[in-house]
Structures are given as structure tokens and as C-alpha cells.
Amino acid sequence: MLNKAQVIGNLGNDPKISLINNNQTKVANFTVATTEKGFTGQDGRYVSGKTEWHNVVCFGKLADVVERYVKKGSRLYVEGKMRTRSYVDNNGIKRNIMEINAEFLELLDNKNMQQQ
């Protein structure tokens, strides 16, 4: 069996940093946008690109790296496992969300790389 997700994209907003397990574990949540480029078909018709948003969660030391170096607009390579999580929204409705539980990330911005 294989459960592996890999995305390269840009952050839509600054990461949200929080603590869980009685303030023992740092967690970073953020979204990464990946965009397929538009193209012109053989018939001359333009097909616009499509952007997908991926929810990403990092724990522990990886969350520390995210908190320190990653900001809105940062370009990242993220690798991890896909997980489905349930929660109850503000209206009391049960919702499911698909997330990438990051196991590895690489900062692709030159500016970020120079700060390390």
C-alpha cells in the first residue's frame, strides 16, 4: 500500500500556529495552491488553468521550521501522507477535511533559503 502526496505550490495565507497535547506539541496549518497552466487547443480555443488548494498540517520540529521561515506567498515542496479528519462546524454540522500530514518540506524561495 502507498499513501504519499507531493505538491509544489505557493501559500495562500500565513500559516496558523497552535499548540496541542497540553501545549507540548506545535502544529502548523496552511494551504498550498497548485495551478495547472492554461493552454490553447488545436482548434484555437483557450482552456484556462485550474488552481487546486491543498490543506497541509505539520507537527513538532517541522512546525517550528514553518513558523520561522514560511509566510504567505512562500513557494514550497511538501511531501507527506493524505489523511481525512472530521470536525463539527459552527452550525453543529459534521464535516470532513482532507489534509496532507507533512513529513518533509523544502523551501523553494531563494530569499527563504538564504535565511537558513
# chains A, B, ... in the order shown; residues from 1 in each chain; ligands from 1
>>> residues_around(residues="range 14-21 of chain A", least_positions_apart="4", cutoff="7 Å", atoms="only C-alpha atoms", output="list of chain:residue names")
A:Thr25, A:Lys26, A:Val27, A:Ala28, A:Asn29, A:Phe30, A:Glu67, A:Lys71, A:Lys72
>>> write_last_selection(atoms="all heavy atoms", output="mmCIF file, in the first residue's frame")
data_model
loop_
_atom_site.group_PDB
_atom_site.id
_atom_site.type_symbol
_atom_site.label_atom_id
_atom_site.label_comp_id
_atom_site.auth_asym_id
_atom_site.auth_seq_id
_atom_site.Cartn_x
_atom_site.Cartn_y
_atom_site.Cartn_z
ATOM 1 N N THR A 25 3.028 20.053 21.918
ATOM 2 C CA THR A 25 3.321 19.812 20.507
ATOM 3 C C THR A 25 2.865 20.998 19.670
ATOM 4 O O THR A 25 1.703 21.392 19.721
ATOM 5 C CB THR A 25 2.600 18.541 20.010
ATOM 6 O OG1 THR A 25 2.960 17.442 20.858
ATOM 7 C CG2 THR A 25 2.979 18.218 18.570
ATOM 8 N N LYS A 26 3.795 21.542 18.895
ATOM 9 C CA LYS A 26 3.466 22.653 17.995
ATOM 10 C C LYS A 26 2.885 22.089 16.702
ATOM 11 O O LYS A 26 3.342 21.065 16.187
ATOM 12 C CB LYS A 26 4.715 23.467 17.685
ATOM 13 C CG LYS A 26 4.410 24.752 16.937
ATOM 14 C CD LYS A 26 5.636 25.600 16.760
ATOM 15 C CE LYS A 26 5.989 26.224 18.092
ATOM 16 N NZ LYS A 26 7.091 27.194 17.985
ATOM 17 N N VAL A 27 1.857 22.778 16.187
ATOM 18 C CA VAL A 27 1.192 22.388 14.946
ATOM 19 C C VAL A 27 1.126 23.605 14.033
ATOM 20 O O VAL A 27 0.790 24.705 14.472
ATOM 21 C CB VAL A 27 -0.243 21.877 15.209
ATOM 22 C CG1 VAL A 27 -0.926 21.495 13.911
ATOM 23 C CG2 VAL A 27 -0.241 20.721 16.175
ATOM 24 N N ALA A 28 1.443 23.395 12.760
ATOM 25 C CA ALA A 28 1.306 24.448 11.746
ATOM 26 C C ALA A 28 0.300 23.979 10.702
ATOM 27 O O ALA A 28 0.411 22.863 10.189
ATOM 28 C CB ALA A 28 2.647 24.736 11.091
ATOM 29 N N ASN A 29 -0.693 24.815 10.411
ATOM 30 C CA ASN A 29 -1.689 24.537 9.373
ATOM 31 C C ASN A 29 -1.597 25.625 8.314
ATOM 32 O O ASN A 29 -1.510 26.808 8.656
ATOM 33 C CB ASN A 29 -3.104 24.546 9.961
ATOM 34 C CG ASN A 29 -3.360 23.363 10.846
ATOM 35 O OD1 ASN A 29 -3.589 22.269 10.364
ATOM 36 N ND2 ASN A 29 -3.318 23.584 12.147
ATOM 37 N N PHE A 30 -1.635 25.215 7.048
ATOM 38 C CA PHE A 30 -1.602 26.177 5.952
ATOM 39 C C PHE A 30 -2.152 25.528 4.691
ATOM 40 O O PHE A 30 -2.352 24.309 4.649
ATOM 41 C CB PHE A 30 -0.186 26.726 5.719
ATOM 42 C CG PHE A 30 0.874 25.683 5.486
ATOM 43 C CD1 PHE A 30 1.204 25.265 4.206
ATOM 44 C CD2 PHE A 30 1.560 25.126 6.556
ATOM 45 C CE1 PHE A 30 2.186 24.311 4.001
ATOM 46 C CE2 PHE A 30 2.546 24.186 6.367
ATOM 47 C CZ PHE A 30 2.862 23.772 5.077
ATOM 48 N N GLU A 67 6.944 27.912 11.120
ATOM 49 C CA GLU A 67 6.717 29.153 11.873
ATOM 50 C C GLU A 67 7.836 30.171 11.608
ATOM 51 O O GLU A 67 7.574 31.360 11.474
ATOM 52 C CB GLU A 67 6.647 28.846 13.365
ATOM 53 C CG GLU A 67 6.385 30.070 14.218
ATOM 54 C CD GLU A 67 6.273 29.749 15.698
ATOM 55 O OE1 GLU A 67 6.994 28.853 16.182
ATOM 56 O OE2 GLU A 67 5.435 30.387 16.360
ATOM 57 N N LYS A 71 5.841 32.051 4.964
ATOM 58 C CA LYS A 71 4.866 33.147 5.010
ATOM 59 C C LYS A 71 3.955 33.072 3.782
ATOM 60 O O LYS A 71 4.227 32.337 2.835
ATOM 61 C CB LYS A 71 5.574 34.512 5.019
ATOM 62 C CG LYS A 71 6.554 34.703 6.162
ATOM 63 C CD LYS A 71 5.839 34.806 7.487
ATOM 64 C CE LYS A 71 6.823 34.947 8.630
ATOM 65 N NZ LYS A 71 6.452 34.203 9.795
ATOM 66 N N LYS A 72 2.912 33.881 3.791
ATOM 67 C CA LYS A 72 2.016 33.975 2.637
ATOM 68 C C LYS A 72 2.843 34.218 1.383
ATOM 69 O O LYS A 72 3.730 35.064 1.361
ATOM 70 C CB LYS A 72 1.025 35.120 2.834
ATOM 71 C CG LYS A 72 0.091 35.318 1.671
ATOM 72 C CD LYS A 72 -0.864 36.463 1.914
ATOM 73 C CE LYS A 72 -1.756 36.665 0.705
ATOM 74 N NZ LYS A 72 -2.730 37.732 0.930
#
>>> closest_residue(among="A:Leu107, A:Val7, A:Met1, A:Ile100", to="Asn55 in chain A", atoms="only C-alpha atoms")
A:Ile100
>>> atom_distance(atom1="CA of Arg75 in chain A", atom2="CA of Gly41 in chain A")
29.1 Å
>>> atom_distance(atom1="CA of Phe39 in chain A", atom2="CA of Val78 in chain A")
26.0 Å
>>> closest_residue(among="A:Gln42, A:Asn110, A:Thr51, A:Asn101", to="Gly12 in chain A", atoms="only C-alpha atoms")
A:Thr51
>>> decode(residues="range 31-45 of chain A", atoms="all heavy atoms", output="PDB file, in the first residue's frame")
ATOM      1  N   THR A  31      -2.435  26.360   3.694  1.00  0.00           N
ATOM      2  CA  THR A  31      -2.899  25.857   2.404  1.00  0.00           C
ATOM      3  C   THR A  31      -1.879  26.194   1.335  1.00  0.00           C
ATOM      4  O   THR A  31      -1.250  27.260   1.351  1.00  0.00           O
ATOM      5  CB  THR A  31      -4.259  26.462   2.009  1.00  0.00           C
ATOM      6  OG1 THR A  31      -4.159  27.886   2.009  1.00  0.00           O
ATOM      7  CG2 THR A  31      -5.353  26.026   2.969  1.00  0.00           C
ATOM      8  N   VAL A  32      -1.713  25.250   0.413  1.00  0.00           N
ATOM      9  CA  VAL A  32      -0.796  25.421  -0.714  1.00  0.00           C
ATOM     10  C   VAL A  32      -1.622  25.361  -1.997  1.00  0.00           C
ATOM     11  O   VAL A  32      -2.433  24.447  -2.178  1.00  0.00           O
ATOM     12  CB  VAL A  32       0.286  24.313  -0.731  1.00  0.00           C
ATOM     13  CG1 VAL A  32       1.151  24.417  -1.972  1.00  0.00           C
ATOM     14  CG2 VAL A  32       1.138  24.376   0.523  1.00  0.00           C
ATOM     15  N   ALA A  33      -1.408  26.335  -2.868  1.00  0.00           N
ATOM     16  CA  ALA A  33      -2.101  26.376  -4.156  1.00  0.00           C
ATOM     17  C   ALA A  33      -1.202  25.793  -5.242  1.00  0.00           C
ATOM     18  O   ALA A  33      -0.022  26.146  -5.340  1.00  0.00           O
ATOM     19  CB  ALA A  33      -2.458  27.811  -4.523  1.00  0.00           C
ATOM     20  N   THR A  34      -1.759  24.884  -6.016  1.00  0.00           N
ATOM     21  CA  THR A  34      -1.070  24.385  -7.202  1.00  0.00           C
ATOM     22  C   THR A  34      -1.928  24.757  -8.406  1.00  0.00           C
ATOM     23  O   THR A  34      -3.156  24.669  -8.346  1.00  0.00           O
ATOM     24  CB  THR A  34      -0.881  22.858  -7.158  1.00  0.00           C
ATOM     25  OG1 THR A  34      -2.153  22.219  -7.006  1.00  0.00           O
ATOM     26  CG2 THR A  34       0.022  22.456  -6.003  1.00  0.00           C
ATOM     27  N   THR A  35      -1.288  25.204  -9.466  1.00  0.00           N
ATOM     28  CA  THR A  35      -2.026  25.661 -10.640  1.00  0.00           C
ATOM     29  C   THR A  35      -1.545  24.948 -11.892  1.00  0.00           C
ATOM     30  O   THR A  35      -0.350  24.914 -12.170  1.00  0.00           O
ATOM     31  CB  THR A  35      -1.857  27.186 -10.830  1.00  0.00           C
ATOM     32  OG1 THR A  35      -2.300  27.838  -9.640  1.00  0.00           O
ATOM     33  CG2 THR A  35      -2.666  27.685 -12.010  1.00  0.00           C
ATOM     34  N   GLU A  36      -2.504  24.361 -12.601  1.00  0.00           N
ATOM     35  CA  GLU A  36      -2.213  23.788 -13.908  1.00  0.00           C
ATOM     36  C   GLU A  36      -2.315  24.922 -14.908  1.00  0.00           C
ATOM     37  O   GLU A  36      -3.285  25.682 -14.895  1.00  0.00           O
ATOM     38  CB  GLU A  36      -3.220  22.690 -14.251  1.00  0.00           C
ATOM     39  CG  GLU A  36      -3.156  21.503 -13.316  1.00  0.00           C
ATOM     40  CD  GLU A  36      -4.234  20.472 -13.622  1.00  0.00           C
ATOM     41  OE1 GLU A  36      -4.689  20.398 -14.789  1.00  0.00           O
ATOM     42  OE2 GLU A  36      -4.625  19.770 -12.692  1.00  0.00           O
ATOM     43  N   LYS A  37      -1.336  25.056 -15.751  1.00  0.00           N
ATOM     44  CA  LYS A  37      -1.300  26.147 -16.734  1.00  0.00           C
ATOM     45  C   LYS A  37      -2.407  25.977 -17.772  1.00  0.00           C
ATOM     46  O   LYS A  37      -2.767  24.861 -18.143  1.00  0.00           O
ATOM     47  CB  LYS A  37       0.048  26.189 -17.459  1.00  0.00           C
ATOM     48  CG  LYS A  37       1.228  26.417 -16.537  1.00  0.00           C
ATOM     49  CD  LYS A  37       1.274  27.835 -16.079  1.00  0.00           C
ATOM     50  CE  LYS A  37       2.507  28.072 -15.234  1.00  0.00           C
ATOM     51  NZ  LYS A  37       2.492  29.273 -14.501  1.00  0.00           N
ATOM     52  N   GLY A  38      -2.916  27.111 -18.237  1.00  0.00           N
ATOM     53  CA  GLY A  38      -3.884  27.098 -19.325  1.00  0.00           C
ATOM     54  C   GLY A  38      -3.187  26.757 -20.639  1.00  0.00           C
ATOM     55  O   GLY A  38      -1.958  26.795 -20.734  1.00  0.00           O
ATOM     56  N   PHE A  39      -3.970  26.423 -21.647  1.00  0.00           N
ATOM     57  CA  PHE A  39      -3.389  26.086 -22.944  1.00  0.00           C
ATOM     58  C   PHE A  39      -4.373  26.400 -24.060  1.00  0.00           C
ATOM     59  O   PHE A  39      -5.569  26.562 -23.823  1.00  0.00           O
ATOM     60  CB  PHE A  39      -2.981  24.612 -22.998  1.00  0.00           C
ATOM     61  CG  PHE A  39      -4.146  23.657 -22.867  1.00  0.00           C
ATOM     62  CD1 PHE A  39      -4.798  23.173 -23.997  1.00  0.00           C
ATOM     63  CD2 PHE A  39      -4.582  23.249 -21.612  1.00  0.00           C
ATOM     64  CE1 PHE A  39      -5.862  22.303 -23.876  1.00  0.00           C
ATOM     65  CE2 PHE A  39      -5.654  22.377 -21.479  1.00  0.00           C
ATOM     66  CZ  PHE A  39      -6.298  21.901 -22.610  1.00  0.00           C
ATOM     67  N   THR A  40      -3.850  26.486 -25.265  1.00  0.00           N
ATOM     68  CA  THR A  40      -4.677  26.686 -26.448  1.00  0.00           C
ATOM     69  C   THR A  40      -4.747  25.368 -27.203  1.00  0.00           C
ATOM     70  O   THR A  40      -3.701  24.791 -27.551  1.00  0.00           O
ATOM     71  CB  THR A  40      -4.086  27.776 -27.359  1.00  0.00           C
ATOM     72  OG1 THR A  40      -3.982  28.987 -26.593  1.00  0.00           O
ATOM     73  CG2 THR A  40      -4.966  28.014 -28.571  1.00  0.00           C
ATOM     74  N   GLY A  41      -5.959  24.876 -27.410  1.00  0.00           N
ATOM     75  CA  GLY A  41      -6.157  23.608 -28.107  1.00  0.00           C
ATOM     76  C   GLY A  41      -5.889  23.738 -29.598  1.00  0.00           C
ATOM     77  O   GLY A  41      -5.703  24.843 -30.132  1.00  0.00           O
ATOM     78  N   GLN A  42      -5.886  22.622 -30.286  1.00  0.00           N
ATOM     79  CA  GLN A  42      -5.644  22.611 -31.728  1.00  0.00           C
ATOM     80  C   GLN A  42      -6.713  23.384 -32.487  1.00  0.00           C
ATOM     81  O   GLN A  42      -6.456  23.904 -33.565  1.00  0.00           O
ATOM     82  CB  GLN A  42      -5.577  21.170 -32.244  1.00  0.00           C
ATOM     83  CG  GLN A  42      -4.337  20.438 -31.787  1.00  0.00           C
ATOM     84  CD  GLN A  42      -4.285  19.021 -32.333  1.00  0.00           C
ATOM     85  OE1 GLN A  42      -5.275  18.492 -32.839  1.00  0.00           O
ATOM     86  NE2 GLN A  42      -3.119  18.404 -32.217  1.00  0.00           N
ATOM     87  N   ASP A  43      -7.901  23.495 -31.897  1.00  0.00           N
ATOM     88  CA  ASP A  43      -8.984  24.239 -32.543  1.00  0.00           C
ATOM     89  C   ASP A  43      -8.884  25.741 -32.283  1.00  0.00           C
ATOM     90  O   ASP A  43      -9.737  26.511 -32.709  1.00  0.00           O
ATOM     91  CB  ASP A  43     -10.343  23.719 -32.077  1.00  0.00           C
ATOM     92  CG  ASP A  43     -10.561  23.878 -30.574  1.00  0.00           C
ATOM     93  OD1 ASP A  43      -9.651  24.369 -29.872  1.00  0.00           O
ATOM     94  OD2 ASP A  43     -11.654  23.500 -30.112  1.00  0.00           O
ATOM     95  N   GLY A  44      -7.829  26.178 -31.555  1.00  0.00           N
ATOM     96  CA  GLY A  44      -7.634  27.594 -31.276  1.00  0.00           C
ATOM     97  C   GLY A  44      -8.361  28.091 -30.040  1.00  0.00           C
ATOM     98  O   GLY A  44      -8.249  29.248 -29.661  1.00  0.00           O
ATOM     99  N   ARG A  45      -9.115  27.214 -29.397  1.00  0.00           N
ATOM    100  CA  ARG A  45      -9.864  27.587 -28.204  1.00  0.00           C
ATOM    101  C   ARG A  45      -8.942  27.534 -26.986  1.00  0.00           C
ATOM    102  O   ARG A  45      -8.230  26.574 -26.761  1.00  0.00           O
ATOM    103  CB  ARG A  45     -11.041  26.642 -28.018  1.00  0.00           C
ATOM    104  CG  ARG A  45     -12.001  27.038 -26.913  1.00  0.00           C
ATOM    105  CD  ARG A  45     -13.218  26.098 -26.865  1.00  0.00           C
ATOM    106  NE  ARG A  45     -12.832  24.719 -26.655  1.00  0.00           N
ATOM    107  CZ  ARG A  45     -12.803  24.112 -25.468  1.00  0.00           C
ATOM    108  NH1 ARG A  45     -13.168  24.768 -24.386  1.00  0.00           N
ATOM    109  NH2 ARG A  45     -12.445  22.858 -25.352  1.00  0.00           N
TER     110      ARG A  45
END
